file my_file.txt (compact mmCIF, C-alpha atoms)
# COMPACT_ATOMS: atom_id res chain seq x y z
CA MET A 1 150.03 31.28 -125.53
CA LYS A 2 149.30 27.87 -124.09
CA MET A 3 151.29 25.32 -122.17
CA ILE A 4 150.75 21.69 -123.02
CA PHE A 5 151.54 19.17 -120.29
CA ALA A 6 151.94 15.90 -122.15
CA VAL A 7 152.43 12.75 -120.12
CA ILE A 8 153.94 10.15 -122.43
CA ARG A 9 155.55 6.75 -122.00
CA ASP A 10 159.30 6.73 -121.48
CA ASN A 11 159.75 4.69 -124.66
CA ASP A 12 158.40 7.56 -126.70
CA ASN A 13 160.38 10.29 -125.00
CA GLU A 14 163.13 10.65 -127.59
CA ALA A 15 160.90 10.36 -130.63
CA VAL A 16 158.30 12.81 -129.38
CA SER A 17 160.80 15.37 -128.11
CA GLN A 18 162.75 15.22 -131.35
CA ALA A 19 159.63 15.50 -133.48
CA LEU A 20 158.44 18.53 -131.54
CA VAL A 21 161.83 20.24 -131.70
CA ASN A 22 162.06 19.52 -135.42
CA LYS A 23 158.78 21.35 -135.88
CA GLY A 24 160.06 24.33 -133.93
CA PHE A 25 158.40 23.69 -130.60
CA ARG A 26 160.21 24.33 -127.35
CA VAL A 27 160.11 21.39 -125.03
CA THR A 28 161.10 20.93 -121.41
CA ARG A 29 161.13 17.35 -120.15
CA VAL A 30 160.54 16.14 -116.63
CA ALA A 31 160.84 12.56 -115.42
CA SER A 32 157.60 11.38 -113.90
CA THR A 33 155.83 8.27 -112.69
CA GLY A 34 152.30 7.09 -113.23
CA GLY A 35 150.33 6.90 -110.03
CA PHE A 36 148.66 3.62 -110.69
CA LEU A 37 151.00 1.37 -112.62
CA ARG A 38 154.07 3.27 -111.44
CA ARG A 39 155.60 3.03 -114.82
CA GLY A 40 158.20 5.56 -115.67
CA SER A 41 156.76 8.31 -117.80
CA THR A 42 157.96 11.60 -119.11
CA THR A 43 156.05 14.82 -118.74
CA LEU A 44 156.75 17.28 -121.51
CA MET A 45 155.99 20.93 -121.01
CA VAL A 46 155.51 22.58 -124.38
CA GLY A 47 154.92 26.32 -124.69
CA VAL A 48 152.98 27.02 -127.87
CA SER A 49 151.17 29.94 -129.45
CA ASN A 50 147.39 29.55 -129.49
CA GLU A 51 147.19 28.72 -133.17
CA LYS A 52 149.82 26.00 -132.92
CA VAL A 53 148.16 23.89 -130.23
CA ASP A 54 146.52 21.51 -132.71
CA ASP A 55 149.78 21.17 -134.63
CA ALA A 56 151.67 20.26 -131.49
CA ILE A 57 149.06 17.69 -130.50
CA GLN A 58 149.22 16.18 -133.98
CA VAL A 59 153.01 15.92 -133.77
CA ILE A 60 152.68 14.10 -130.46
CA LYS A 61 150.06 11.77 -131.93
CA ASP A 62 152.23 11.01 -134.93
CA SER A 63 155.42 10.38 -132.98
CA THR A 64 154.14 8.09 -130.23
CA SER A 65 154.15 4.34 -130.79
CA PRO A 66 151.20 2.02 -130.18
CA PRO A 67 151.33 0.54 -126.67
CA ASP A 68 151.94 -3.20 -126.43
CA GLU A 69 149.13 -3.63 -124.00
CA SER A 70 145.54 -2.73 -124.53
CA GLY A 71 144.11 -0.16 -122.20
CA ILE A 72 147.31 1.86 -122.11
CA LYS A 73 147.12 5.27 -123.73
CA ARG A 74 149.92 6.78 -125.73
CA ALA A 75 149.68 10.17 -124.12
CA THR A 76 147.58 12.28 -121.81
CA LEU A 77 147.48 15.94 -122.72
CA PHE A 78 146.45 18.93 -120.67
CA VAL A 79 146.37 22.34 -122.35
CA LEU A 80 146.54 25.30 -119.97
CA ASN A 81 146.36 28.97 -120.71
CA VAL A 82 149.52 31.03 -120.23
CA GLU A 83 148.80 34.59 -119.13
CA HIS A 84 152.27 35.89 -119.62
CA TYR A 85 155.31 34.51 -121.31
CA THR A 86 158.79 35.95 -121.35
CA GLN A 87 162.34 34.97 -121.99
CA ILE A 88 165.18 36.66 -120.18
CA MET B 89 147.36 34.01 -107.35
CA LYS B 90 149.66 32.97 -110.15
CA MET B 91 152.09 30.15 -110.67
CA ILE B 92 155.31 30.94 -112.45
CA PHE B 93 157.00 28.07 -114.23
CA ALA B 94 160.58 29.25 -114.67
CA VAL B 95 162.93 27.08 -116.69
CA ILE B 96 166.47 28.10 -115.75
CA ARG B 97 169.92 26.70 -116.33
CA ASP B 98 171.22 24.28 -113.72
CA ASN B 99 174.10 26.64 -112.95
CA ASP B 100 171.69 29.23 -111.72
CA ASN B 101 169.54 26.92 -109.66
CA GLU B 102 171.04 27.71 -106.25
CA ALA B 103 171.33 31.44 -106.76
CA VAL B 104 167.82 31.88 -108.12
CA SER B 105 166.15 29.64 -105.55
CA GLN B 106 167.98 31.36 -102.73
CA ALA B 107 167.17 34.82 -104.03
CA LEU B 108 163.48 33.97 -104.35
CA VAL B 109 163.33 32.44 -100.88
CA ASN B 110 165.15 35.44 -99.42
CA LYS B 111 162.42 37.65 -100.84
CA GLY B 112 159.73 35.50 -99.29
CA PHE B 113 158.68 33.50 -102.33
CA ARG B 114 157.85 29.82 -102.06
CA VAL B 115 159.71 27.74 -104.56
CA THR B 116 159.43 24.10 -105.60
CA ARG B 117 162.21 22.80 -107.84
CA VAL B 118 162.00 20.06 -110.40
CA ALA B 119 164.90 18.67 -112.41
CA SER B 120 164.25 19.01 -116.12
CA THR B 121 165.96 18.73 -119.48
CA GLY B 122 165.81 20.99 -122.46
CA GLY B 123 164.29 19.32 -125.48
CA PHE B 124 166.70 20.63 -128.03
CA LEU B 125 170.14 20.86 -126.48
CA ARG B 126 169.30 18.35 -123.78
CA ARG B 127 171.10 20.38 -121.23
CA GLY B 128 170.12 19.89 -117.66
CA SER B 129 167.79 22.59 -116.52
CA THR B 130 165.73 23.26 -113.46
CA THR B 131 162.08 24.13 -113.54
CA LEU B 132 161.00 26.27 -110.62
CA MET B 133 157.36 26.46 -109.67
CA VAL B 134 156.72 29.66 -107.78
CA GLY B 135 153.33 30.45 -106.33
CA VAL B 136 152.91 34.23 -106.08
CA SER B 137 150.12 36.67 -105.40
CA ASN B 138 149.04 38.66 -108.45
CA GLU B 139 150.77 41.84 -107.38
CA LYS B 140 154.08 40.10 -106.77
CA VAL B 141 154.52 38.56 -110.22
CA ASP B 142 156.71 41.38 -111.50
CA ASP B 143 158.82 41.30 -108.35
CA ALA B 144 159.41 37.57 -108.72
CA ILE B 145 160.38 37.96 -112.37
CA GLN B 146 162.78 40.74 -111.42
CA VAL B 147 164.39 38.56 -108.75
CA ILE B 148 164.89 35.81 -111.32
CA LYS B 149 166.38 38.30 -113.78
CA ASP B 150 168.75 39.67 -111.18
CA SER B 151 169.93 36.30 -109.90
CA THR B 152 170.64 34.51 -113.18
CA SER B 153 174.10 34.77 -114.70
CA PRO B 154 174.83 35.65 -118.32
CA PRO B 155 175.16 32.53 -120.47
CA ASP B 156 178.62 31.81 -121.89
CA GLU B 157 177.23 31.21 -125.31
CA SER B 158 175.22 33.60 -127.39
CA GLY B 159 171.71 32.52 -128.26
CA ILE B 160 171.14 30.85 -124.91
CA LYS B 161 168.55 32.52 -122.74
CA ARG B 162 168.87 32.82 -118.99
CA ALA B 163 165.33 31.78 -118.27
CA THR B 164 162.00 31.03 -119.88
CA LEU B 165 159.02 32.07 -117.81
CA PHE B 166 155.40 31.03 -118.07
CA VAL B 167 152.88 32.70 -115.78
CA LEU B 168 149.65 30.77 -115.29
CA ASN B 169 146.56 31.70 -113.35
CA VAL B 170 145.82 29.76 -110.17
CA GLU B 171 142.10 29.40 -109.51
CA HIS B 172 142.42 28.07 -106.03
CA TYR B 173 145.29 27.84 -103.60
CA THR B 174 145.34 26.14 -100.27
CA GLN B 175 147.74 24.75 -97.74
CA ILE B 176 146.80 21.84 -95.54
CA MET C 177 138.60 20.12 -116.05
CA LYS C 178 141.22 21.24 -113.56
CA MET C 179 144.77 20.25 -112.82
CA ILE C 180 145.81 20.12 -109.20
CA PHE C 181 149.50 20.57 -108.48
CA ALA C 182 149.95 19.13 -105.00
CA VAL C 183 153.33 19.49 -103.33
CA ILE C 184 153.49 16.90 -100.58
CA ARG C 185 156.20 15.50 -98.34
CA ASP C 186 158.04 12.45 -99.64
CA ASN C 187 156.85 10.43 -96.66
CA ASP C 188 153.29 10.80 -97.82
CA ASN C 189 153.91 10.03 -101.46
CA GLU C 190 152.79 6.40 -101.43
CA ALA C 191 149.77 6.89 -99.21
CA VAL C 192 148.45 9.93 -101.08
CA SER C 193 149.03 8.49 -104.55
CA GLN C 194 147.38 5.22 -103.59
CA ALA C 195 144.43 6.96 -101.97
CA LEU C 196 143.87 9.12 -105.06
CA VAL C 197 144.14 6.17 -107.43
CA ASN C 198 141.77 4.15 -105.25
CA LYS C 199 139.22 6.92 -105.64
CA GLY C 200 139.62 6.88 -109.40
CA PHE C 201 141.87 9.91 -109.83
CA ARG C 202 144.69 9.89 -112.33
CA VAL C 203 147.97 10.92 -110.80
CA THR C 204 151.36 11.74 -112.28
CA ARG C 205 154.21 12.10 -109.80
CA VAL C 206 157.29 14.24 -110.14
CA ALA C 207 160.20 14.34 -107.71
CA SER C 208 160.74 17.85 -106.43
CA THR C 209 162.62 19.79 -103.79
CA GLY C 210 161.47 22.54 -101.53
CA GLY C 211 163.24 25.80 -102.17
CA PHE C 212 163.83 26.75 -98.59
CA LEU C 213 164.44 23.67 -96.53
CA ARG C 214 165.50 21.65 -99.55
CA ARG C 215 163.64 18.67 -98.30
CA GLY C 216 162.64 16.14 -100.86
CA SER C 217 159.05 16.54 -101.85
CA THR C 218 156.79 15.06 -104.44
CA THR C 219 154.67 17.09 -106.78
CA LEU C 220 151.53 15.31 -107.86
CA MET C 221 149.72 16.42 -110.97
CA VAL C 222 146.11 15.34 -110.76
CA GLY C 223 143.69 15.95 -113.62
CA VAL C 224 140.15 16.16 -112.25
CA SER C 225 136.75 17.17 -113.51
CA ASN C 226 135.48 20.44 -112.07
CA GLU C 227 133.03 18.82 -109.70
CA LYS C 228 135.65 16.48 -108.25
CA VAL C 229 138.17 19.08 -107.15
CA ASP C 230 136.91 19.20 -103.58
CA ASP C 231 136.85 15.41 -103.40
CA ALA C 232 140.44 15.18 -104.56
CA ILE C 233 141.56 17.79 -102.03
CA GLN C 234 139.74 15.91 -99.28
CA VAL C 235 141.48 12.67 -100.27
CA ILE C 236 144.83 14.42 -100.07
CA LYS C 237 143.92 15.87 -96.66
CA ASP C 238 142.85 12.49 -95.34
CA SER C 239 145.89 10.59 -96.60
CA THR C 240 148.69 12.89 -95.48
CA SER C 241 150.22 12.39 -92.06
CA PRO C 242 150.78 15.13 -89.49
CA PRO C 243 154.29 16.61 -89.77
CA ASP C 244 156.64 15.95 -86.87
CA GLU C 245 157.66 19.55 -86.72
CA SER C 246 155.42 22.51 -86.22
CA GLY C 247 155.32 25.04 -89.00
CA ILE C 248 155.55 22.39 -91.69
CA LYS C 249 152.47 22.00 -93.82
CA ARG C 250 151.21 18.67 -95.08
CA ALA C 251 150.58 19.85 -98.58
CA THR C 252 150.45 22.91 -100.78
CA LEU C 253 147.80 22.78 -103.48
CA PHE C 254 147.41 24.85 -106.61
CA VAL C 255 144.31 24.32 -108.74
CA LEU C 256 144.66 25.47 -112.35
CA ASN C 257 142.09 25.51 -115.12
CA VAL C 258 142.58 23.08 -118.00
CA GLU C 259 141.28 24.44 -121.28
CA HIS C 260 141.55 21.24 -123.21
CA TYR C 261 142.13 17.66 -122.18
CA THR C 262 142.65 14.69 -124.40
CA GLN C 263 144.04 11.20 -124.33
CA ILE C 264 145.59 9.67 -127.37

call {"tool": "encode", "arguments": {"input": "my_file.txt", "output": "structure tokens"}}
result
Amino acid sequence: MKMIFAVIRDNDNEAVSQALVNKGFRVTRVASTGGFLRRGSTTLMVGVSNEKVDDAIQVIKDSTSPPDESGIKRATLFVLNVEHYTQI
Amino acid sequence: MKMIFAVIRDNDNEAVSQALVNKGFRVTRVASTGGFLRRGSTTLMVGVSNEKVDDAIQVIKDSTSPPDESGIKRATLFVLNVEHYTQI
Amino acid sequence: MKMIFAVIRDNDNEAVSQALVNKGFRVTRVASTGGFLRRGSTTLMVGVSNEKVDDAIQVIKDSTSPPDESGIKRATLFVLNVEHYTQI
């Protein structure tokens, strides 16, 4: 299992979260702030099985909107390995 | 060392944090939101030595309350490896 | 690539974030709370290439202020491995 930390723009929060949930991904959202431009952002934590990582990234790609300004990215994604996963 | 990301219900935040601290665990709390039901949740980040992971999970189990509704889990836990840990 | 989770005191948030950004590091900030003393803290997520981890830690060291009280640390740092990193 992997955990994707996806830092997205606030504007895209609803669309991306909804798209991920619609595809069966579990999403936890955290309000965050960029360090440089101090824009509001949202950090999504998405727990996914190894074989679904590419799918989840594609969903995020497809559900983010093009930034108004050049030089701004839609999303920054970090994929980390999860050693153990459990629900209580 | 491991880092446990524990997504718990807001209701359980105080009890779980207190129980972990009482057992000597260091806890950092972040307000979060579930992606699907959009309930408020709390994400705890707990840094633990390898041999204490099971203890920490047990503390979380013991200090969460049963959800009112069926199908809701008490907690979702992700255990990630920490390559380097330091305090300044 | 690594991700550094740095839990710092709120007081140091601006100085540390600015120092990291000035050195070219990408920082995402999340408001957090200590589990024990329940002080406000900030958790910085810093994505860094493997060879820059020590630099980033040094920047954090240099930009935090000494705590007023003894027994309080300036920062707690967890370095986790990132398996895959991408920007969209």

call {"tool": "interface_residues", "arguments": {"input": "my_file.txt", "of": "chain B", "to": "chain A", "cutoff": "9 Å", "atoms": "only C-alpha atoms", "output": "count of residues only"}}
result
22

call {"tool": "calpha_fit_and_write", "arguments": {"input": "my_file.txt", "fixed": "chain B", "moving": "chain A", "output": "compact mmCIF listing (two decimals) with C-alpha atoms, keeping the file's coordinate frame"}}
result
# COMPACT_ATOMS: atom_id res chain seq x y z
CA MET A 1 147.35 34.01 -107.33
CA LYS A 2 149.65 32.98 -110.14
CA MET A 3 152.07 30.16 -110.68
CA ILE A 4 155.30 30.95 -112.44
CA PHE A 5 157.01 28.07 -114.24
CA ALA A 6 160.58 29.26 -114.67
CA VAL A 7 162.93 27.09 -116.69
CA ILE A 8 166.47 28.11 -115.76
CA ARG A 9 169.93 26.71 -116.34
CA ASP A 10 171.22 24.30 -113.72
CA ASN A 11 174.12 26.64 -112.96
CA ASP A 12 171.68 29.25 -111.72
CA ASN A 13 169.54 26.93 -109.66
CA GLU A 14 171.03 27.70 -106.26
CA ALA A 15 171.33 31.44 -106.76
CA VAL A 16 167.83 31.88 -108.13
CA SER A 17 166.15 29.64 -105.56
CA GLN A 18 167.98 31.36 -102.72
CA ALA A 19 167.17 34.82 -104.03
CA LEU A 20 163.49 33.97 -104.35
CA VAL A 21 163.33 32.43 -100.88
CA ASN A 22 165.14 35.43 -99.42
CA LYS A 23 162.42 37.64 -100.84
CA GLY A 24 159.72 35.49 -99.30
CA PHE A 25 158.68 33.49 -102.33
CA ARG A 26 157.85 29.82 -102.08
CA VAL A 27 159.71 27.73 -104.57
CA THR A 28 159.42 24.11 -105.62
CA ARG A 29 162.20 22.82 -107.86
CA VAL A 30 162.01 20.07 -110.43
CA ALA A 31 164.91 18.68 -112.43
CA SER A 32 164.27 19.02 -116.13
CA THR A 33 165.97 18.74 -119.49
CA GLY A 34 165.83 20.98 -122.51
CA GLY A 35 164.31 19.29 -125.50
CA PHE A 36 166.75 20.54 -128.05
CA LEU A 37 170.18 20.82 -126.49
CA ARG A 38 169.33 18.31 -123.76
CA ARG A 39 171.11 20.37 -121.23
CA GLY A 40 170.12 19.87 -117.67
CA SER A 41 167.79 22.60 -116.52
CA THR A 42 165.74 23.27 -113.47
CA THR A 43 162.08 24.14 -113.55
CA LEU A 44 161.00 26.27 -110.63
CA MET A 45 157.37 26.45 -109.69
CA VAL A 46 156.73 29.66 -107.79
CA GLY A 47 153.31 30.45 -106.33
CA VAL A 48 152.90 34.21 -106.08
CA SER A 49 150.11 36.67 -105.37
CA ASN A 50 149.03 38.66 -108.42
CA GLU A 51 150.77 41.85 -107.36
CA LYS A 52 154.08 40.10 -106.76
CA VAL A 53 154.51 38.56 -110.21
CA ASP A 54 156.70 41.39 -111.50
CA ASP A 55 158.80 41.29 -108.34
CA ALA A 56 159.40 37.58 -108.71
CA ILE A 57 160.37 37.96 -112.35
CA GLN A 58 162.78 40.75 -111.42
CA VAL A 59 164.38 38.57 -108.75
CA ILE A 60 164.88 35.82 -111.32
CA LYS A 61 166.36 38.31 -113.78
CA ASP A 62 168.74 39.68 -111.17
CA SER A 63 169.92 36.31 -109.90
CA THR A 64 170.64 34.51 -113.17
CA SER A 65 174.10 34.77 -114.70
CA PRO A 66 174.84 35.67 -118.32
CA PRO A 67 175.16 32.53 -120.47
CA ASP A 68 178.60 31.79 -121.89
CA GLU A 69 177.20 31.18 -125.30
CA SER A 70 175.20 33.56 -127.38
CA GLY A 71 171.72 32.48 -128.26
CA ILE A 72 171.13 30.84 -124.90
CA LYS A 73 168.55 32.52 -122.71
CA ARG A 74 168.87 32.83 -118.98
CA ALA A 75 165.33 31.79 -118.26
CA THR A 76 162.00 31.05 -119.87
CA LEU A 77 159.02 32.08 -117.80
CA PHE A 78 155.41 31.05 -118.06
CA VAL A 79 152.88 32.72 -115.77
CA LEU A 80 149.64 30.78 -115.27
CA ASN A 81 146.57 31.71 -113.34
CA VAL A 82 145.82 29.77 -110.16
CA GLU A 83 142.10 29.42 -109.49
CA HIS A 84 142.42 28.09 -106.02
CA TYR A 85 145.28 27.85 -103.61
CA THR A 86 145.35 26.14 -100.26
CA GLN A 87 147.74 24.76 -97.74
CA ILE A 88 146.80 21.83 -95.56

call {"tool": "atom_distance", "arguments": {"input": "my_file.txt", "atom1": "CA of Thr152 (chain B)", "atom2": "CA of Asp100 (chain B)"}}
result
5.6 Å

call {"tool": "atom_distance", "arguments": {"input": "my_file.txt", "atom1": "CA of Ser239 (chain C)", "atom2": "CA of Gly216 (chain C)"}}
result
18.2 Å

call {"tool": "atom_distance", "arguments": {"input": "my_file.txt", "atom1": "CA of Pro243 (chain C)", "atom2": "CA of Lys111 (chain B)"}}
result
25.1 Å

call {"tool": "build_atoms", "arguments": {"input": "my_file.txt", "residues": "region 44-55 of chain A", "atoms": "N, CA and C atoms", "output": "compact mmCIF listing (two decimals), in the coordinates of the input"}}
result
# COMPACT_ATOMS: atom_id res chain seq x y z
N LEU A 44 156.21 16.21 -120.68
CA LEU A 44 156.75 17.28 -121.51
C LEU A 44 155.95 18.55 -121.26
N MET A 45 156.66 19.64 -121.10
CA MET A 45 155.99 20.93 -121.01
C MET A 45 156.34 21.67 -122.30
N VAL A 46 155.30 21.98 -123.06
CA VAL A 46 155.51 22.58 -124.38
C VAL A 46 154.79 23.92 -124.42
N GLY A 47 155.53 24.99 -124.55
CA GLY A 47 154.92 26.32 -124.69
C GLY A 47 154.62 26.58 -126.16
N VAL A 48 153.36 26.83 -126.47
CA VAL A 48 152.98 27.02 -127.87
C VAL A 48 152.04 28.22 -128.01
N SER A 49 152.13 28.86 -129.16
CA SER A 49 151.17 29.94 -129.45
C SER A 49 149.79 29.30 -129.67
N ASN A 50 148.75 30.09 -129.45
CA ASN A 50 147.39 29.55 -129.49
C ASN A 50 147.09 28.80 -130.77
N GLU A 51 147.56 29.33 -131.88
CA GLU A 51 147.19 28.72 -133.17
C GLU A 51 148.01 27.48 -133.50
N LYS A 52 148.99 27.18 -132.67
CA LYS A 52 149.82 26.00 -132.92
C LYS A 52 149.49 24.81 -132.01
N VAL A 53 148.49 24.97 -131.18
CA VAL A 53 148.16 23.89 -130.23
C VAL A 53 147.80 22.60 -130.97
N ASP A 54 146.94 22.72 -131.97
CA ASP A 54 146.52 21.51 -132.71
C ASP A 54 147.70 20.87 -133.42
N ASP A 55 148.57 21.71 -133.98
CA ASP A 55 149.78 21.17 -134.63
C ASP A 55 150.63 20.37 -133.65
